[in-house]
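Single-structure report; data block below.
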Amino acid sequence: MSVAFSGKSREDEGDGWNLMTSGRTHNSGWRSKSSVCLIGAAVACLGLLLLTMILVAKNTSAINQWDTKYEKLIYELTKGRDDLRDERDQLMIHSSNLTKEMEILRGQYDTVAASRDKLQAKLDTLNVNGTDKSCLQGWIKFNNKCYYISAHGVTKTWENSRKDCQERGADLVIITTRDEMDFVKRSYGVTWIGLFRGKEDTWKWVDGTELKGRGFWQDGEPNNVDGEENCAEVSRSAAAWNDVPCSRKFSWVCED
Ligand code: MMA
Ligand code: CA
């Protein structure tokens with residue numbers, strides 16, 4: 001060994017090699033060199049192959065790891081998306097239910113509001129300005145208004161009936177509601193009310209206001225028989241109005 005690394009000539013080196021591989025020819029030495037080269041190359045190739053295999057294995061494992069990681073991520077994202085879709089569907093159902101419920105409640109509110117307004121109106125007529133009205137003796141209180149009903153058997157013309165009411169500080173009754181109508185018809189026999197034919201064939205109340213709507217006329221009335229029926233009466237039996245000549249004599253009802 002010391003000879004091979006002593007810095008001598010190439011031949012000496014050859015000799016040195018020969019010394020190391022004693023018994024071999026010059027030719028066989030060259031072959032040995034090439035074998036060594038081949039073996040070296042093979043080892044190098046094997047090493048490279050091994051390295052490549054390790055790298056590939058490493059990469060494959062890394063890829064596998066990445067795959068697993070992404071598969072997991074994709075699974076979680078998909079699940080998250082599906083959960084959100086479910087939640088959205090539930091919310092949409094809930095929202096639609098709430099809309100329906102709101103419509104029902106709105107309907108109920110309208111009904112209750114209408115009922116409240118009706119009751120308020122009734123309360124207003126019952127209790128004008130919050131004070132309970134008191135009626136004079138001989139008068140009847142109905143829905144917080146005072147009425148005078150002429151005595152049984154006493155009859156007058158429409159004009160004289162009205163005069164009687166005015167002398168009592170009132171006037172013939174003005175009927176505005178079905179309630180009031182039902183109250184007035186309870187009087188005796190045929191009764192004058194404060195409704196008369198004004199100019200241009202319009203029906204007017206004694207306070208100067210015009211009759212609005214159909215009122216409570218009997219079927220076929222007012223028919224103005226002989227063109228002389230200018231005053232309205234109500235009878236217990238008919239429970240509705242009829243136009244008759246104002247000169248007829250009937251009972252009457254005054255309203256304060
Ligand atoms: C009477 C009189 C009229 C009324 C009719 C209804 C015949 O006349 O009361 O005013 O319209 O009856 O039939
Ligand atoms: Ca008539």
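Residues in the structure tokens are numbered from 1 in each chain, the chains being A, B, ... in the order shown, and ligands are numbered from 1 in the order shown.
Around ligand 2, the neighbouring residues within 9 Å, taking only C-alpha atoms and all ligand atoms, come to A:Gln218, A:Gly220, A:Glu221, A:Pro222, A:Asn223, A:Asn224, A:Val225, A:Glu229, A:Asn230, A:Ala232, A:Trp241, A:Asn242, A:Asp243, A:Val244, A:Pro245.
Distance-wise, CA of Glu101 in chain A and CA of Asp89 in chain A end up 18.3 Å apart.
Residues in contact with Ala238 in chain A at up to 12 Å, not including ones fewer than 5 positions away on its chain and judged by only C-alpha atoms, are Met181, Asp182, Lys185, Arg186, Gly189, Val190, Thr191, Phe216, Trp217, Gln218, Asp219, Glu221 and Glu233 of chain A.
Here CA of Gly169 in chain A stands at a distance of 9.2 Å from CA of Glu255 in chain A.
Note that atom 9 (O, counted along the ligand's line) of ligand 1 and CA of Thr209 in chain A are 24.7 Å apart.
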With 12 Å as the cut-off and only C-alpha atoms counted, what is the closest atom pair between each nearby residue of range 109-168 of chain A and range 193-204 of chain A? Distances in Å to one decimal, ordered by chain and number, as a tab-separated table.
residue	atom	partner	partner_atom	distance
A:Tyr147	CA	A:Ile193	CA	11.9
A:Tyr148	CA	A:Ile193	CA	11.8
A:Ile149	CA	A:Ile193	CA	11.0
A:Ser150	CA	A:Ile193	CA	11.8
A:Thr157	CA	A:Ile193	CA	11.3
A:Trp158	CA	A:Ile193	CA	8.3
A:Glu159	CA	A:Gly194	CA	10.0
A:Asn160	CA	A:Gly194	CA	12.0
A:Ser161	CA	A:Ile193	CA	9.2
A:Arg162	CA	A:Gly194	CA	7.7
A:Lys163	CA	A:Gly194	CA	11.4
A:Cys165	CA	A:Gly194	CA	10.2
A:Gln166	CA	A:Gly194	CA	11.6
As a ChimeraX atom specification, list the residues of range 15-256 of chain A assigned to strand (DSSP E or B) by DSSP on the backbone atoms of this structure. /A:140-142,145-149,156,171-172,190-197,203-205,210,217,231-235,241-244,250-255
Grab the residues selected above and save them as a compact mmCIF listing (two decimals), in the first residue's frame with N, CA and C atoms.
# COMPACT_ATOMS: atom_id res chain seq x y z
N ILE A 140 -138.19 58.32 28.23
CA ILE A 140 -137.56 57.01 28.34
C ILE A 140 -136.12 57.10 27.84
N LYS A 141 -135.22 56.55 28.64
CA LYS A 141 -133.81 56.56 28.19
C LYS A 141 -133.50 55.28 27.40
N PHE A 142 -132.94 55.50 26.23
CA PHE A 142 -132.53 54.35 25.40
C PHE A 142 -131.22 54.70 24.71
N LYS A 145 -129.97 58.18 25.15
CA LYS A 145 -130.74 59.30 24.59
C LYS A 145 -132.13 59.26 25.24
N CYS A 146 -132.79 60.44 25.30
CA CYS A 146 -134.11 60.50 25.93
C CYS A 146 -135.21 60.60 24.86
N TYR A 147 -136.27 59.82 25.06
CA TYR A 147 -137.39 59.77 24.10
C TYR A 147 -138.69 60.02 24.84
N TYR A 148 -139.57 60.74 24.16
CA TYR A 148 -140.93 60.92 24.69
C TYR A 148 -141.88 60.18 23.76
N ILE A 149 -142.68 59.31 24.33
CA ILE A 149 -143.66 58.57 23.53
C ILE A 149 -145.05 59.10 23.89
N LYS A 156 -152.20 63.02 16.67
CA LYS A 156 -152.10 64.38 16.11
C LYS A 156 -151.61 64.28 14.66
N ASP A 171 -137.62 67.38 19.35
CA ASP A 171 -138.19 67.33 18.00
C ASP A 171 -138.60 65.89 17.71
N LEU A 172 -139.29 65.68 16.61
CA LEU A 172 -139.67 64.30 16.24
C LEU A 172 -138.40 63.46 16.09
N VAL A 190 -149.72 53.36 14.87
CA VAL A 190 -148.93 54.02 13.83
C VAL A 190 -148.33 55.30 14.44
N THR A 191 -147.07 55.55 14.17
CA THR A 191 -146.34 56.63 14.84
C THR A 191 -145.63 57.53 13.84
N TRP A 192 -145.73 58.84 14.08
CA TRP A 192 -144.98 59.79 13.25
C TRP A 192 -143.50 59.77 13.64
N ILE A 193 -142.64 59.90 12.62
CA ILE A 193 -141.21 60.09 12.89
C ILE A 193 -140.78 61.40 12.20
N GLY A 194 -139.59 61.86 12.51
CA GLY A 194 -139.14 63.18 12.01
C GLY A 194 -138.64 63.20 10.58
N LEU A 195 -139.30 62.45 9.68
CA LEU A 195 -138.86 62.37 8.28
C LEU A 195 -139.96 62.90 7.36
N PHE A 196 -139.63 63.82 6.45
CA PHE A 196 -140.62 64.42 5.56
C PHE A 196 -140.02 64.65 4.17
N ARG A 197 -140.93 64.79 3.19
CA ARG A 197 -140.48 65.01 1.81
C ARG A 197 -140.13 66.48 1.62
N TRP A 203 -135.96 63.14 0.79
CA TRP A 203 -136.47 62.94 2.14
C TRP A 203 -135.49 63.54 3.14
N LYS A 204 -136.06 64.30 4.07
CA LYS A 204 -135.22 65.04 5.01
C LYS A 204 -135.63 64.75 6.44
N TRP A 205 -134.67 64.86 7.33
CA TRP A 205 -134.95 64.75 8.76
C TRP A 205 -135.22 66.14 9.30
N GLU A 210 -130.28 65.26 5.06
CA GLU A 210 -130.98 64.41 4.09
C GLU A 210 -130.90 62.96 4.52
N TRP A 217 -137.45 51.85 4.76
CA TRP A 217 -138.73 51.89 4.04
C TRP A 217 -139.30 50.48 3.88
N CYS A 231 -145.13 62.79 4.48
CA CYS A 231 -144.59 62.53 5.82
C CYS A 231 -144.46 61.02 6.04
N ALA A 232 -143.47 60.66 6.91
CA ALA A 232 -143.20 59.23 7.11
C ALA A 232 -143.72 58.74 8.45
N GLU A 233 -144.32 57.56 8.42
CA GLU A 233 -144.78 56.92 9.66
C GLU A 233 -144.16 55.53 9.78
N VAL A 234 -144.21 55.02 11.02
CA VAL A 234 -143.77 53.65 11.25
C VAL A 234 -144.83 52.95 12.10
N SER A 235 -145.12 51.72 11.75
CA SER A 235 -146.13 50.99 12.54
C SER A 235 -145.47 49.77 13.16
N TRP A 241 -140.91 51.96 7.37
CA TRP A 241 -141.52 53.25 7.08
C TRP A 241 -142.47 53.20 5.87
N ASN A 242 -143.41 54.18 5.92
CA ASN A 242 -144.33 54.35 4.79
C ASN A 242 -144.62 55.84 4.69
N ASP A 243 -144.73 56.34 3.47
CA ASP A 243 -145.11 57.75 3.30
C ASP A 243 -146.63 57.86 3.23
N VAL A 244 -147.16 58.83 3.97
CA VAL A 244 -148.62 59.04 4.06
C VAL A 244 -148.89 60.55 4.06
N PHE A 250 -151.76 60.47 13.99
CA PHE A 250 -151.12 59.28 14.57
C PHE A 250 -150.50 59.62 15.91
N SER A 251 -149.95 58.59 16.56
CA SER A 251 -149.12 58.80 17.76
C SER A 251 -147.80 59.40 17.27
N TRP A 252 -146.91 59.73 18.18
CA TRP A 252 -145.61 60.31 17.76
C TRP A 252 -144.53 60.01 18.81
N VAL A 253 -143.30 60.12 18.41
CA VAL A 253 -142.16 59.93 19.31
C VAL A 253 -141.21 61.12 19.16
N CYS A 254 -140.89 61.75 20.32
CA CYS A 254 -139.92 62.85 20.29
C CYS A 254 -138.56 62.34 20.77
N GLU A 255 -137.52 63.03 20.30
CA GLU A 255 -136.14 62.69 20.74
C GLU A 255 -135.47 63.96 21.23
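The closest residue to ligand 1, picked from A:Ser237, A:Ala170, A:Glu228, A:Lys249 and counting only C-alpha atoms and all ligand atoms, is A:Glu228.
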